[in-house]
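S.K.: My file is target_3.pdb. It has PDB, C-alpha atoms:
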```pdb
ATOM      1  CA  MET A1281       7.659  30.480  22.193
ATOM      2  CA  ARG A1282      10.167  28.416  20.263
ATOM      3  CA  ASP A1283      13.100  30.009  18.494
ATOM      4  CA  LYS A1284      13.182  30.037  14.713
ATOM      5  CA  TYR A1285      15.475  27.514  13.131
ATOM      6  CA  GLN A1286      17.404  27.879   9.899
ATOM      7  CA  VAL A1287      16.611  25.230   7.263
ATOM      8  CA  LEU A1288      19.416  23.979   5.001
ATOM      9  CA  LEU A1289      19.138  21.481   2.148
ATOM     10  CA  THR A1290      21.883  19.143   1.027
ATOM     11  CA  LYS A1291      22.720  19.126  -2.694
ATOM     12  CA  LYS A1292      20.844  15.829  -2.976
ATOM     13  CA  ALA A1293      17.734  17.313  -1.338
ATOM     14  CA  GLN A1294      17.936  20.321  -3.675
ATOM     15  CA  LYS A1295      18.060  17.972  -6.687
ATOM     16  CA  ASP A1296      15.188  15.899  -5.271
ATOM     17  CA  PHE A1297      13.096  19.068  -4.895
ATOM     18  CA  GLN A1298      13.888  20.341  -8.411
ATOM     19  CA  LYS A1299      12.786  17.006  -9.937
ATOM     20  CA  LEU A1300       9.334  17.228  -8.323
ATOM     21  CA  ASP A1301       6.266  18.365 -10.229
ATOM     22  CA  PRO A1302       5.480  22.038  -9.420
ATOM     23  CA  SER A1303       2.121  20.966  -7.951
ATOM     24  CA  LEU A1304       4.052  18.878  -5.381
ATOM     25  CA  GLN A1305       6.738  21.496  -4.742
ATOM     26  CA  LYS A1306       4.297  23.986  -3.213
ATOM     27  CA  PRO A1307       3.010  21.837  -0.289
ATOM     28  CA  ILE A1308       6.497  20.409   0.319
ATOM     29  CA  LEU A1309       8.032  23.899   0.393
ATOM     30  CA  LYS A1310       5.325  25.015   2.852
ATOM     31  CA  THR A1311       6.136  22.023   5.100
ATOM     32  CA  ILE A1312       9.869  22.796   4.917
ATOM     33  CA  LEU A1313       9.292  26.457   5.810
ATOM     34  CA  ASP A1314       6.983  25.426   8.677
ATOM     35  CA  LEU A1315       9.917  23.449  10.152
ATOM     36  CA  CYS A1316      11.547  26.821  10.972
ATOM     37  CA  ASN A1317       8.902  27.390  13.656
ATOM     38  CA  ASN A1318       7.923  23.837  14.572
ATOM     39  CA  GLN A1319      10.715  21.267  14.241
ATOM     40  CA  LYS A1320       8.465  18.357  15.172
ATOM     41  CA  PRO A1321       5.095  18.896  13.458
ATOM     42  CA  GLN A1322       2.148  16.562  13.872
ATOM     43  CA  GLN A1323       3.109  14.406  10.863
ATOM     44  CA  PHE A1324       6.728  13.938  11.964
ATOM     45  CA  THR A1325       8.194  10.581  13.001
ATOM     46  CA  ALA A1326      11.539   9.740  14.578
ATOM     47  CA  LEU A1327      13.279   7.186  12.379
ATOM     48  CA  LYS A1328      14.507   4.082  14.166
ATOM     49  CA  GLY A1329      17.472   3.034  12.011
ATOM     50  CA  LYS A1330      18.771   6.589  11.642
ATOM     51  CA  ASN A1331      20.833   5.459   8.629
ATOM     52  CA  ILE A1332      19.642   8.403   6.562
ATOM     53  CA  ALA A1333      18.225  10.925   9.017
ATOM     54  CA  GLN A1334      16.799  11.288  12.534
ATOM     55  CA  PHE A1335      13.303  12.396  11.505
ATOM     56  CA  ARG A1336      10.842  12.404   8.666
ATOM     57  CA  VAL A1337       7.763  14.461   7.964
ATOM     58  CA  ARG A1338       4.923  13.322   5.730
ATOM     59  CA  VAL A1339       3.536  15.387   2.869
ATOM     60  CA  GLY A1340       0.952  13.140   1.235
ATOM     61  CA  ASP A1341       2.837  10.227  -0.348
ATOM     62  CA  TYR A1342       6.118  12.139  -0.092
ATOM     63  CA  ARG A1343       8.619  12.282   2.745
ATOM     64  CA  VAL A1344      11.120  14.912   3.872
ATOM     65  CA  LEU A1345      14.050  13.378   5.802
ATOM     66  CA  TYR A1346      15.920  15.686   8.162
ATOM     67  CA  ASP A1347      18.063  16.124  11.266
ATOM     68  CA  ILE A1348      17.668  18.782  13.951
ATOM     69  CA  TYR A1349      20.738  20.520  15.406
ATOM     70  CA  ASP A1350      19.494  22.378  18.483
ATOM     71  CA  GLU A1351      22.880  23.864  19.383
ATOM     72  CA  ASP A1352      23.069  25.630  15.974
ATOM     73  CA  LYS A1353      19.302  26.201  15.618
ATOM     74  CA  THR A1354      19.563  24.428  12.262
ATOM     75  CA  ILE A1355      17.554  21.805  10.392
ATOM     76  CA  LEU A1356      19.402  19.891   7.681
ATOM     77  CA  ILE A1357      17.207  18.242   5.053
ATOM     78  CA  PHE A1358      18.829  15.194   3.470
ATOM     79  CA  ARG A1359      16.238  13.791   1.067
ATOM     80  CA  ILE A1360      12.828  14.586  -0.398
ATOM     81  CA  GLY A1361      10.975  11.891  -2.286
ATOM     82  CA  HIS A1362       8.133   9.452  -2.749
ATOM     83  CA  ARG A1363       7.641   7.058   0.145
ATOM     84  CA  LYS A1364       8.332   3.984  -2.021
ATOM     85  CA  ASP A1365      11.784   5.277  -3.059
ATOM     86  CA  ILE A1366      12.997   7.510  -0.225
ATOM     87  CA  TYR A1367      14.488   4.902   2.113
ATOM     88  CA  ARG A1368      16.586   3.124  -0.546
TER
END
```
Show how you would write the structure in this file as C-alpha cells.
M.R.:
Amino acid sequence: MRDKYQVLLTKKAQKDFQKLDPSLQKPILKTILDLCNNQKPQQFTALKGKNIAQFRVRVGDYRVLYDIYDEDKTILIFRIGHRKDIYR
C-alpha cells in the first residue's frame, strides 16, 4: 500500500480554486484529495516542458498542475484552471 502524501497549494493555486464556480470546485477538490493516496491517477500526464509543473491531472475541461516530492511525501499544486488558459 502506498503512503499518504500531504497536498499543498501555492497562493496562485488557492486563488485559482477560489475563482472557480462552486459546481466545479467539488470535483476538483475530490481529485486533489485523491492525490493523497494515488499520486499518479489514471487521468494524469507527465508534462514534457516542465516549465510550470511535472504533472497534470484532468478534471473535465480543467487541469490541476502539480509536482511530486517523494522524499517529503508532499504534492505541491501550482495551478488550477481551464485547459485553454492553464499553460499560458
S.K.: Tell me which of A:Lys1292, A:Lys1299, A:Lys1284, A:Lys1306 sits closest to Leu1345 of chain A, counting all atoms listed in the file.
M.R.: A:Lys1292
S.K.: Skip Gln1298 of chain A itself and residues of its chain fewer than 5 positions away, then list as a list in words all residues within 12 Å of it, counting all atoms listed in the file.
M.R.: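 Selected residues are Leu1289, Lys1291, Lys1292, Ala1293, Ser1303, Leu1304, Gln1305, Lys1306, Ile1308, Leu1309, Arg1359, Ile1360 and Gly1361 of chain A.
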S.K.: Counting all atoms listed in the file, which residue out of A:Pro1307, A:His1362, A:Lys1295, A:Gln1319 sits closest to Asp1350 of chain A?
M.R.: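 Answer, going by the shortest atom-to-atom distance: A:Gln1319.
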S.K.: Which is closer to Val1287 of chain A than all the others in A:Ile1312, A:Leu1300, A:Ile1332, A:Ile1366, using only C-alpha atoms?
M.R.: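 Among A:Ile1312, A:Leu1300, A:Ile1332, A:Ile1366, it is A:Ile1312 that comes nearest to Val1287 of chain A.
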S.K.: Do you have the atom CA of Val1337 of chain A-atom CA of Lys1353 of chain A distance handy?
M.R.: 18.2 Å
S.K.: Hey, which of A:Ala1333, A:Glu1351, A:Gln1323, A:Thr1311 ends up closest to Asp1283 of chain A? Count only C-alpha atoms.
M.R.: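 The closest residue to Asp1283 of chain A is A:Glu1351.
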S.K.: For a quick check of understanding, using all atoms listed in the file, which of A:Tyr1349, A:Tyr1342, A:Phe1358, A:Phe1297 has the smallest distance to Cys1316 of chain A?
M.R.: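 Distance minimum relative to Cys1316 of chain A lands on A:Tyr1349.
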S.K.: One decimal, in Å: what's the spacing between atom CA of Leu1356 of chain A and atom CA of Gln1286 of chain A?
M.R.: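 Between atom CA of Leu1356 of chain A and atom CA of Gln1286 of chain A the gap works out to 8.5 Å.
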S.K.: Considering all atoms listed in the file, can you say which of A:Asp1341, A:Pro1321, A:Leu1288, A:Ala1326 comes closest to Asp1365 of chain A?
M.R.: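 Among the listed residues, A:Asp1341 lies closest to Asp1365 of chain A.
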S.K.: Could you tell me how far atom CA of Arg1338 of chain A lies from atom CA of Asp1352 of chain A, in Å and to one decimal?
M.R.: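 Calculated distance between atom CA of Arg1338 of chain A and atom CA of Asp1352 of chain A is 24.2 Å.
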S.K.: To verify the selection step, state as a PyMOL selection string which residues the PyMOL selection byres ((chain A and resi 1325) around 6) yields on this input.
M.R.: chain A and resi 1324+1326+1335-1336
S.K.: Any chance you can output those residues with C-alpha atoms as a CSV table (one decimal), in the coordinates of the input?
M.R.:
```
chain,number,residue,atom,x,y,z
A,1324,PHE,CA,6.7,13.9,12.0
A,1326,ALA,CA,11.5,9.7,14.6
A,1335,PHE,CA,13.3,12.4,11.5
A,1336,ARG,CA,10.8,12.4,8.7
```
S.K.: How big is the axis-aligned box around the listed atoms of segment 1349-1365 of chain A once 5 Å is added on each side, and where is its centre? Give both in Å to one decimal, as JSON.
M.R.:
```
{"center_x": 15.4, "center_y": 15.1, "center_z": 8.2, "size_x": 25.4, "size_y": 32.2, "size_z": 32.4}
```
